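Engineer: Here you go, work-v2.pdb (PDB, C-alpha atoms, pLDDT in the B column):
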ATOM      1  CA  MET A   1      -7.410  -1.255 -12.705  1.00 63.00           C
ATOM      2  CA  ILE A   2      -3.953   0.202 -13.180  1.00 65.00           C
ATOM      3  CA  ALA A   3      -2.758  -2.955 -14.952  1.00 56.00           C
ATOM      4  CA  HIS A   4      -4.605  -1.839 -18.112  1.00 62.00           C
ATOM      5  CA  SER A   5      -1.959  -0.820 -20.652  1.00 70.00           C
ATOM      6  CA  GLU A   6      -3.964   2.054 -22.160  1.00 73.00           C
ATOM      7  CA  LEU A   7      -4.707   3.452 -18.718  1.00 79.00           C
ATOM      8  CA  CYS A   8      -1.014   3.318 -17.826  1.00 88.00           C
ATOM      9  CA  ALA A   9      -0.066   5.085 -21.044  1.00 90.00           C
ATOM     10  CA  ASP A  10      -2.637   7.811 -20.400  1.00 94.00           C
ATOM     11  CA  ALA A  11      -1.434   8.135 -16.810  1.00 96.00           C
ATOM     12  CA  LEU A  12       2.217   8.563 -17.751  1.00 96.00           C
ATOM     13  CA  ALA A  13       1.352  11.099 -20.454  1.00 96.00           C
ATOM     14  CA  HIS A  14      -0.750  13.058 -17.984  1.00 97.00           C
ATOM     15  CA  LEU A  15       1.875  13.019 -15.235  1.00 98.00           C
ATOM     16  CA  GLN A  16       4.681  14.109 -17.538  1.00 97.00           C
ATOM     17  CA  CYS A  17       2.626  17.017 -18.833  1.00 98.00           C
ATOM     18  CA  ALA A  18       1.056  18.057 -15.526  1.00 98.00           C
ATOM     19  CA  ASP A  19       4.158  17.998 -13.316  1.00 98.00           C
ATOM     20  CA  PRO A  20       7.678  18.864 -14.529  1.00 98.00           C
ATOM     21  CA  VAL A  21       9.128  16.851 -11.651  1.00 98.00           C
ATOM     22  CA  MET A  22       7.332  13.715 -12.814  1.00 98.00           C
ATOM     23  CA  GLY A  23       8.257  14.573 -16.385  1.00 97.00           C
ATOM     24  CA  LYS A  24      11.932  14.221 -15.446  1.00 97.00           C
ATOM     25  CA  LEU A  25      11.557  11.383 -12.956  1.00 98.00           C
ATOM     26  CA  ILE A  26       9.584   8.927 -15.080  1.00 97.00           C
ATOM     27  CA  PRO A  27      12.248   8.447 -17.787  1.00 96.00           C
ATOM     28  CA  MET A  28      14.896   7.980 -15.116  1.00 95.00           C
ATOM     29  CA  VAL A  29      12.972   5.257 -13.297  1.00 96.00           C
ATOM     30  CA  GLY A  30      11.657   3.511 -16.392  1.00 94.00           C
ATOM     31  CA  PRO A  31       8.398   1.680 -17.133  1.00 93.00           C
ATOM     32  CA  PHE A  32       5.660   1.508 -14.532  1.00 94.00           C
ATOM     33  CA  ALA A  33       5.749  -1.982 -13.020  1.00 92.00           C
ATOM     34  CA  LEU A  34       3.539  -2.206  -9.965  1.00 90.00           C
ATOM     35  CA  LYS A  35       2.669  -5.860  -9.348  1.00 87.00           C
ATOM     36  CA  LEU A  36      -0.739  -6.501  -7.861  1.00 91.00           C
ATOM     37  CA  LYS A  37      -1.105  -8.896  -4.929  1.00 89.00           C
ATOM     38  CA  ARG A  38      -3.475 -11.822  -5.297  1.00 87.00           C
ATOM     39  CA  GLY A  39      -5.896 -12.769  -2.563  1.00 94.00           C
ATOM     40  CA  ARG A  40      -7.634  -9.985  -0.672  1.00 96.00           C
ATOM     41  CA  PHE A  41      -7.690 -11.690   2.706  1.00 97.00           C
ATOM     42  CA  GLU A  42      -4.118 -12.906   2.413  1.00 95.00           C
ATOM     43  CA  THR A  43      -3.005  -9.398   1.445  1.00 94.00           C
ATOM     44  CA  LEU A  44      -4.497  -7.933   4.617  1.00 97.00           C
ATOM     45  CA  VAL A  45      -2.991 -10.716   6.733  1.00 97.00           C
ATOM     46  CA  ARG A  46       0.386  -9.997   5.159  1.00 93.00           C
ATOM     47  CA  ALA A  47       0.001  -6.269   5.858  1.00 92.00           C
ATOM     48  CA  ILE A  48      -0.837  -6.823   9.534  1.00 95.00           C
ATOM     49  CA  ILE A  49       2.014  -9.259  10.088  1.00 95.00           C
ATOM     50  CA  ALA A  50       4.480  -6.909   8.394  1.00 90.00           C
ATOM     51  CA  GLN A  51       3.750  -3.925  10.618  1.00 89.00           C
ATOM     52  CA  GLN A  52       6.941  -2.572  12.211  1.00 86.00           C
ATOM     53  CA  ILE A  53       9.134  -5.589  11.414  1.00 88.00           C
ATOM     54  CA  SER A  54      11.520  -6.399   8.587  1.00 87.00           C
ATOM     55  CA  THR A  55      10.329  -7.883   5.321  1.00 83.00           C
ATOM     56  CA  GLY A  56      12.291 -11.068   5.965  1.00 90.00           C
ATOM     57  CA  ALA A  57      10.858 -11.559   9.444  1.00 93.00           C
ATOM     58  CA  ALA A  58       7.342 -10.925   8.184  1.00 92.00           C
ATOM     59  CA  ARG A  59       7.746 -13.448   5.385  1.00 94.00           C
ATOM     60  CA  SER A  60       9.036 -16.090   7.787  1.00 97.00           C
ATOM     61  CA  ILE A  61       6.155 -15.572  10.226  1.00 97.00           C
ATOM     62  CA  ARG A  62       3.565 -15.630   7.452  1.00 97.00           C
ATOM     63  CA  LYS A  63       4.957 -18.924   6.166  1.00 97.00           C
ATOM     64  CA  ARG A  64       4.738 -20.444   9.640  1.00 98.00           C
ATOM     65  CA  VAL A  65       1.129 -19.280   9.972  1.00 98.00           C
ATOM     66  CA  ALA A  66       0.306 -20.737   6.550  1.00 97.00           C
ATOM     67  CA  THR A  67       1.913 -24.058   7.507  1.00 97.00           C
ATOM     68  CA  LYS A  68      -0.055 -24.108  10.759  1.00 97.00           C
ATOM     69  CA  LEU A  69      -3.262 -23.613   8.749  1.00 97.00           C
ATOM     70  CA  GLY A  70      -2.509 -26.376   6.275  1.00 95.00           C
ATOM     71  CA  GLY A  71      -0.801 -24.390   3.575  1.00 94.00           C
ATOM     72  CA  ARG A  72      -3.292 -21.605   2.929  1.00 94.00           C
ATOM     73  CA  ILE A  73      -4.472 -18.753   5.124  1.00 97.00           C
ATOM     74  CA  THR A  74      -8.255 -18.447   4.912  1.00 97.00           C
ATOM     75  CA  PRO A  75     -10.690 -16.522   7.141  1.00 98.00           C
ATOM     76  CA  GLU A  76     -12.386 -19.709   8.309  1.00 98.00           C
ATOM     77  CA  LYS A  77      -9.159 -21.473   9.257  1.00 98.00           C
ATOM     78  CA  LEU A  78      -7.636 -18.432  10.921  1.00 98.00           C
ATOM     79  CA  ALA A  79     -10.790 -17.697  12.932  1.00 98.00           C
ATOM     80  CA  ARG A  80     -10.467 -21.116  14.604  1.00 97.00           C
ATOM     81  CA  GLU A  81      -7.028 -20.286  15.981  1.00 98.00           C
ATOM     82  CA  THR A  82      -6.231 -18.691  19.327  1.00 97.00           C
ATOM     83  CA  PRO A  83      -3.760 -15.958  20.315  1.00 97.00           C
ATOM     84  CA  ALA A  84      -1.606 -18.687  21.889  1.00 98.00           C
ATOM     85  CA  THR A  85      -1.347 -20.781  18.724  1.00 97.00           C
ATOM     86  CA  LEU A  86      -0.548 -17.722  16.633  1.00 98.00           C
ATOM     87  CA  ARG A  87       2.151 -16.679  19.097  1.00 97.00           C
ATOM     88  CA  GLN A  88       3.742 -20.085  18.544  1.00 97.00           C
ATOM     89  CA  CYS A  89       4.167 -19.002  14.900  1.00 98.00           C
ATOM     90  CA  GLY A  90       5.974 -15.839  15.939  1.00 97.00           C
ATOM     91  CA  VAL A  91       3.009 -13.465  15.801  1.00 98.00           C
ATOM     92  CA  SER A  92       3.002 -10.900  18.613  1.00 97.00           C
ATOM     93  CA  SER A  93       0.105 -10.872  21.058  1.00 97.00           C
ATOM     94  CA  GLN A  94      -1.168  -7.585  19.659  1.00 97.00           C
ATOM     95  CA  LYS A  95      -1.009  -8.740  16.047  1.00 98.00           C
ATOM     96  CA  ALA A  96      -2.643 -12.041  16.954  1.00 98.00           C
ATOM     97  CA  GLY A  97      -5.589 -10.023  18.208  1.00 98.00           C
ATOM     98  CA  TYR A  98      -5.644  -8.033  14.977  1.00 98.00           C
ATOM     99  CA  LEU A  99      -5.551 -11.171  12.812  1.00 98.00           C
ATOM    100  CA  LEU A 100      -8.330 -12.855  14.756  1.00 98.00           C
ATOM    101  CA  ASP A 101     -10.427  -9.689  14.593  1.00 98.00           C
ATOM    102  CA  LEU A 102      -9.938  -9.565  10.818  1.00 98.00           C
ATOM    103  CA  ALA A 103     -10.824 -13.233  10.381  1.00 98.00           C
ATOM    104  CA  GLY A 104     -13.857 -12.953  12.635  1.00 98.00           C
ATOM    105  CA  LYS A 105     -15.219  -9.895  10.857  1.00 98.00           C
ATOM    106  CA  VAL A 106     -14.741 -11.476   7.432  1.00 97.00           C
ATOM    107  CA  VAL A 107     -16.416 -14.734   8.486  1.00 97.00           C
ATOM    108  CA  ALA A 108     -19.323 -12.759   9.973  1.00 97.00           C
ATOM    109  CA  SER A 109     -19.563 -10.638   6.787  1.00 95.00           C
ATOM    110  CA  GLU A 110     -18.946  -7.483   8.783  1.00 95.00           C
ATOM    111  CA  VAL A 111     -16.126  -6.845   6.332  1.00 96.00           C
ATOM    112  CA  ARG A 112     -17.148  -8.010   2.856  1.00 94.00           C
ATOM    113  CA  LEU A 113     -13.931  -8.487   0.961  1.00 96.00           C
ATOM    114  CA  HIS A 114     -15.634 -10.021  -2.076  1.00 93.00           C
ATOM    115  CA  HIS A 115     -17.773  -6.885  -2.505  1.00 94.00           C
ATOM    116  CA  LEU A 116     -15.058  -4.277  -2.076  1.00 95.00           C
ATOM    117  CA  HIS A 117     -14.385  -3.817  -5.791  1.00 92.00           C
ATOM    118  CA  ARG A 118     -17.929  -2.450  -6.144  1.00 95.00           C
ATOM    119  CA  LEU A 119     -17.234   0.409  -3.714  1.00 97.00           C
ATOM    120  CA  ASP A 120     -15.387   3.674  -4.192  1.00 97.00           C
ATOM    121  CA  ASP A 121     -12.047   4.234  -2.484  1.00 97.00           C
ATOM    122  CA  ALA A 122     -13.429   6.136   0.507  1.00 97.00           C
ATOM    123  CA  ALA A 123     -16.049   3.476   1.205  1.00 97.00           C
ATOM    124  CA  ILE A 124     -13.433   0.715   1.035  1.00 97.00           C
ATOM    125  CA  ILE A 125     -11.221   2.522   3.537  1.00 97.00           C
ATOM    126  CA  GLU A 126     -14.216   3.045   5.814  1.00 97.00           C
ATOM    127  CA  GLU A 127     -14.988  -0.666   5.732  1.00 96.00           C
ATOM    128  CA  LEU A 128     -11.431  -1.866   6.252  1.00 97.00           C
ATOM    129  CA  VAL A 129     -10.606   0.388   9.194  1.00 97.00           C
ATOM    130  CA  ARG A 130     -13.334  -1.376  11.172  1.00 96.00           C
ATOM    131  CA  VAL A 131     -10.732  -4.080  11.714  1.00 98.00           C
ATOM    132  CA  LYS A 132      -8.367  -3.647  14.641  1.00 97.00           C
ATOM    133  CA  GLY A 133      -4.874  -2.965  13.402  1.00 96.00           C
ATOM    134  CA  ILE A 134      -5.950  -1.672   9.992  1.00 97.00           C
ATOM    135  CA  GLY A 135      -5.648   2.081   9.655  1.00 96.00           C
ATOM    136  CA  GLU A 136      -5.841   4.441   6.718  1.00 95.00           C
ATOM    137  CA  TRP A 137      -2.326   3.630   5.479  1.00 92.00           C
ATOM    138  CA  THR A 138      -2.932  -0.131   5.391  1.00 93.00           C
ATOM    139  CA  ALA A 139      -6.250   0.418   3.616  1.00 96.00           C
ATOM    140  CA  GLN A 140      -4.533   2.644   1.068  1.00 95.00           C
ATOM    141  CA  MET A 141      -1.880   0.002   0.419  1.00 93.00           C
ATOM    142  CA  PHE A 142      -4.704  -2.500  -0.138  1.00 95.00           C
ATOM    143  CA  LEU A 143      -6.341  -0.159  -2.644  1.00 96.00           C
ATOM    144  CA  MET A 144      -3.079   0.291  -4.523  1.00 95.00           C
ATOM    145  CA  PHE A 145      -1.453  -3.131  -4.407  1.00 93.00           C
ATOM    146  CA  CYS A 146      -4.465  -5.455  -4.329  1.00 94.00           C
ATOM    147  CA  LEU A 147      -7.329  -3.671  -6.089  1.00 95.00           C
ATOM    148  CA  GLY A 148      -5.153  -1.631  -8.408  1.00 94.00           C
ATOM    149  CA  ARG A 149      -6.994   1.636  -7.831  1.00 96.00           C
ATOM    150  CA  PRO A 150      -5.268   4.349  -9.902  1.00 95.00           C
ATOM    151  CA  ASP A 151      -5.808   7.468  -7.801  1.00 97.00           C
ATOM    152  CA  VAL A 152      -4.619   6.720  -4.266  1.00 97.00           C
ATOM    153  CA  PHE A 153      -2.198   9.059  -2.508  1.00 98.00           C
ATOM    154  CA  PRO A 154      -0.782   7.692   0.778  1.00 96.00           C
ATOM    155  CA  HIS A 155       0.243  11.065   2.152  1.00 95.00           C
ATOM    156  CA  GLY A 156       1.262   9.611   5.531  1.00 91.00           C
ATOM    157  CA  ASP A 157       3.714   7.084   4.102  1.00 92.00           C
ATOM    158  CA  LEU A 158       7.243   7.854   5.267  1.00 90.00           C
ATOM    159  CA  GLY A 159       8.783   6.860   1.951  1.00 92.00           C
ATOM    160  CA  ILE A 160       6.434   9.122   0.015  1.00 96.00           C
ATOM    161  CA  ARG A 161       7.148  12.052   2.330  1.00 95.00           C
ATOM    162  CA  ASN A 162      10.899  11.493   2.023  1.00 95.00           C
ATOM    163  CA  ALA A 163      10.609  11.323  -1.752  1.00 97.00           C
ATOM    164  CA  LEU A 164       8.589  14.544  -1.889  1.00 98.00           C
ATOM    165  CA  LYS A 165      11.181  16.291   0.279  1.00 97.00           C
ATOM    166  CA  ASN A 166      14.000  15.161  -2.007  1.00 96.00           C
ATOM    167  CA  LEU A 167      12.296  15.600  -5.355  1.00 97.00           C
ATOM    168  CA  TYR A 168      10.798  19.026  -4.664  1.00 97.00           C
ATOM    169  CA  ARG A 169      13.797  20.340  -2.702  1.00 97.00           C
ATOM    170  CA  LEU A 170      11.877  20.974   0.507  1.00 97.00           C
ATOM    171  CA  ARG A 171      13.609  21.921   3.735  1.00 95.00           C
ATOM    172  CA  GLU A 172      11.418  19.556   5.754  1.00 96.00           C
ATOM    173  CA  MET A 173       9.191  16.612   5.011  1.00 94.00           C
ATOM    174  CA  PRO A 174       5.766  17.907   3.969  1.00 97.00           C
ATOM    175  CA  ASP A 175       2.747  17.711   6.247  1.00 96.00           C
ATOM    176  CA  ARG A 176      -0.606  16.438   5.007  1.00 96.00           C
ATOM    177  CA  GLU A 177      -1.702  19.731   3.478  1.00 97.00           C
ATOM    178  CA  ALA A 178       1.589  20.368   1.710  1.00 97.00           C
ATOM    179  CA  ALA A 179       1.781  16.790   0.426  1.00 98.00           C
ATOM    180  CA  HIS A 180      -1.705  16.947  -1.043  1.00 98.00           C
ATOM    181  CA  LYS A 181      -0.900  20.273  -2.687  1.00 98.00           C
ATOM    182  CA  LEU A 182       2.139  18.737  -4.396  1.00 98.00           C
ATOM    183  CA  ALA A 183       0.103  15.719  -5.467  1.00 98.00           C
ATOM    184  CA  ALA A 184      -2.836  17.720  -6.839  1.00 98.00           C
ATOM    185  CA  PRO A 185      -1.480  17.792 -10.433  1.00 98.00           C
ATOM    186  CA  TRP A 186      -1.175  13.996 -10.383  1.00 98.00           C
ATOM    187  CA  ARG A 187      -4.920  13.419 -10.177  1.00 98.00           C
ATOM    188  CA  PRO A 188      -6.497  11.127 -11.279  1.00 97.00           C
ATOM    189  CA  TYR A 189      -3.330   9.002 -11.336  1.00 97.00           C
ATOM    190  CA  ALA A 190      -1.870   9.509  -7.869  1.00 98.00           C
ATOM    191  CA  THR A 191      -1.138   5.791  -7.447  1.00 97.00           C
ATOM    192  CA  ILE A 192       1.172   5.780 -10.449  1.00 97.00           C
ATOM    193  CA  ALA A 193       2.944   8.948  -9.311  1.00 98.00           C
ATOM    194  CA  SER A 194       3.314   7.549  -5.792  1.00 97.00           C
ATOM    195  CA  TRP A 195       4.932   4.424  -7.200  1.00 96.00           C
ATOM    196  CA  TYR A 196       7.461   6.607  -9.010  1.00 97.00           C
ATOM    197  CA  CYS A 197       8.110   8.488  -5.777  1.00 97.00           C
ATOM    198  CA  TRP A 198       8.973   5.211  -4.041  1.00 95.00           C
ATOM    199  CA  ARG A 199      11.234   4.196  -6.903  1.00 95.00           C
ATOM    200  CA  SER A 200      12.986   7.579  -6.794  1.00 96.00           C
ATOM    201  CA  LEU A 201      14.411   6.623  -3.410  1.00 93.00           C
ATOM    202  CA  GLU A 202      16.426   3.926  -5.183  1.00 90.00           C
ATOM    203  CA  LEU A 203      18.081   6.393  -7.550  1.00 86.00           C
ATOM    204  CA  GLY A 204      20.479   7.634  -4.882  1.00 61.00           C
ATOM    205  CA  LYS A 205      20.422  10.198  -2.122  1.00 52.00           C
ATOM    206  CA  GLU A 206      21.927  12.877  -4.337  1.00 47.00           C
ATOM    207  CA  THR A 207      19.137  12.695  -6.922  1.00 45.00           C
ATOM    208  CA  LYS A 208      17.100  15.892  -7.153  1.00 43.00           C
ATOM    209  CA  VAL A 209      14.455  16.208  -9.826  1.00 42.00           C
ATOM    210  CA  ALA A 210      12.975  19.638  -9.154  1.00 41.00           C
ATOM    211  CA  GLY A 211      14.815  22.656 -10.509  1.00 36.00           C
ATOM    212  CA  GLN A 212      18.033  21.562 -12.210  1.00 29.00           C
ATOM    213  CA  TRP A 213      18.200  17.896 -13.115  1.00 23.00           C
ATOM    214  CA  TRP A 214      20.571  16.152 -10.697  1.00 24.00           C
TER     215      TRP A 214
END
Output the file's structure as structure tokens, nothing else.

Structural biologist:
Amino acid sequence: MIAHSELCADALAHLQCADPVMGKLIPMVGPFALKLKRGRFETLVRAIIAQQISTGAARSIRKRVATKLGGRITPEKLARETPATLRQCGVSSQKAGYLLDLAGKVVASEVRLHHLHRLDDAAIIEELVRVKGIGEWTAQMFLMFCLGRPDVFPHGDLGIRNALKNLYRLREMPDREAAHKLAAPWRPYATIASWYCWRSLELGKETKVAGQWW
């Protein structure tokens, strides 16, 4: 779990020594402060609802779904709903199908959320992508923000790719192979480094960490 203080200290020391870019970025961003999400099922529901819409819209829809279900979104309650009732809460037809597929698979123990912490990262991704609407990126976000796995690198994330382009002074956003090559020195703490990449986007468009500072 990345919340462990000693693990975080070891991770930051490793990143600063292994990658000069991280060595300059980490002091600029400040302490590592990734907050883990509580509730595995609720986290996946939140991720599905949030796909391709604004954070505010997603939050509003999720609240309406929770109200419809009596205040808490559980697999059993959600599985009893229909696409029509979920659409009344603002959920699109496609996402309603995804949510019902998730709830049904959890209720039927086809996806065993309470056992996931016993599996390695690859096995967790393999289990989660059985659900319609959950791809590799969503599974990686679950690993990082719910389970706190320390060595996840979401190479396909647009924010990460933008950060890599800016920080390493690339002409174009890196493809999968190039992104993994840049992230290789971060192992086994790719989650922590990825978090710093996201935060780097808040430092300003002119920030460049590779080469000369600024």

Engineer: Going by the chain IDs and residue numbers used in this file, which residues fall under the PyMOL selection byres ((chain A and resi 27) around 12)? Write them as a list of chain:residue names.

Structural biologist: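 Matching residues under the PyMOL selection byres ((chain A and resi 27) around 12) are A:Leu12, A:Ala13, A:Leu15, A:Gln16, A:Pro20, A:Val21, A:Met22, A:Gly23, A:Lys24, A:Leu25, A:Ile26, A:Met28, A:Val29, A:Gly30, A:Pro31, A:Phe32, A:Tyr196, A:Arg199, A:Ser200, A:Leu203, A:Val209.
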
Engineer: Would you mind reading off the distance between CA of Gly148 in chain A and CA of Pro185 in chain A, one decimal, in Å?

Structural biologist: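 Between CA of Gly148 in chain A and CA of Pro185 in chain A the gap works out to 19.9 Å.
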
Engineer: Which value, in Å to one decimal, gives the distance between CA of Ser54 in chain A and CA of Gly159 in chain A?

Structural biologist: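 Interatomic distance here is 15.1 Å.
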
Engineer: Residues at most 7 Å from Val152 in chain A, counting all atoms listed in the file, excluding those fewer than 2 positions away in the same chain, as a ChimeraX atom specification?

Structural biologist: /A:140,144,149-150,154,190-191

Engineer: Just say which residues the PyMOL selection byres ((chain A and resi 182) around 12) picks in this file, as a ChimeraX atom specification.

Structural biologist: /A:18-22,153,155,160-161,163-165,167-170,173-181,183-187,190,193-194,197,210

Engineer: Run the PyMOL selection byres ((chain A and resi 78) around 12) mentally over the shown coordinates, then write out the matched residues as a count of residues only, using the chain letters and numbers from the document.

Structural biologist: 35

Engineer: Which residue is closest to Ile48 in chain A? Choose from A:Lys95, A:His117, A:His14, A:Arg87 and count only C-alpha atoms.

Structural biologist: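 Of all the options, A:Lys95 lies closest to Ile48 in chain A.
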
Engineer: Give me, please, the distance in Å between CA of Ala33 in chain A and CA of Leu119 in chain A, quoted to one decimal.

Structural biologist: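 Value for the CA of Ala33 in chain A-CA of Leu119 in chain A distance: 24.9 Å.
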
Engineer: Please determine an axis-aligned box that encloses all atoms of range 22-41 of chain A listed in the file, with 8 Å added on each side, and express its centre and edge lengths in Å to one decimal as JSON.

Structural biologist:
{"center_x": 3.6, "center_y": 0.9, "center_z": -7.5, "size_x": 38.6, "size_y": 43.3, "size_z": 36.5}

Engineer: Identify, on the basis of only C-alpha atoms, every residue whose closest approach to Ala57 in chain A does not exceed 12 Å; exclude the query and any residue fewer than 5 positions from it along the same chain; express the result as a list in words.

Structural biologist: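 Within the cut-off, the hits are Arg46, Ile49, Ala50, Gln51, Gln52, Arg62, Lys63, Arg64, Cys89, Gly90 and Val91 of chain A.
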
Engineer: Could you tell me which of A:Arg40, A:Arg171, A:Arg59, A:Lys35 comes closest to Arg112 in chain A if we count only C-alpha atoms?

Structural biologist: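 Ranking A:Arg40, A:Arg171, A:Arg59, A:Lys35 by distance to Arg112 in chain A, first place goes to A:Arg40.
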
Engineer: Ranking A:Ile61, A:Ala84, A:Leu116, A:Cys17 by minimum distance to Cys146 in chain A and counting only C-alpha atoms, which one comes first?

Structural biologist: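 The shortest atom-to-atom distance to Cys146 in chain A comes from A:Leu116.
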
Engineer: Counting all atoms listed in the file, which of A:Ser5, A:Asn162, A:Thr43, A:Ser93 gets nearest to Phe142 in chain A?

Structural biologist: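 Of A:Ser5, A:Asn162, A:Thr43, A:Ser93, the one nearest Phe142 in chain A is A:Thr43, counting all atoms listed in the file.
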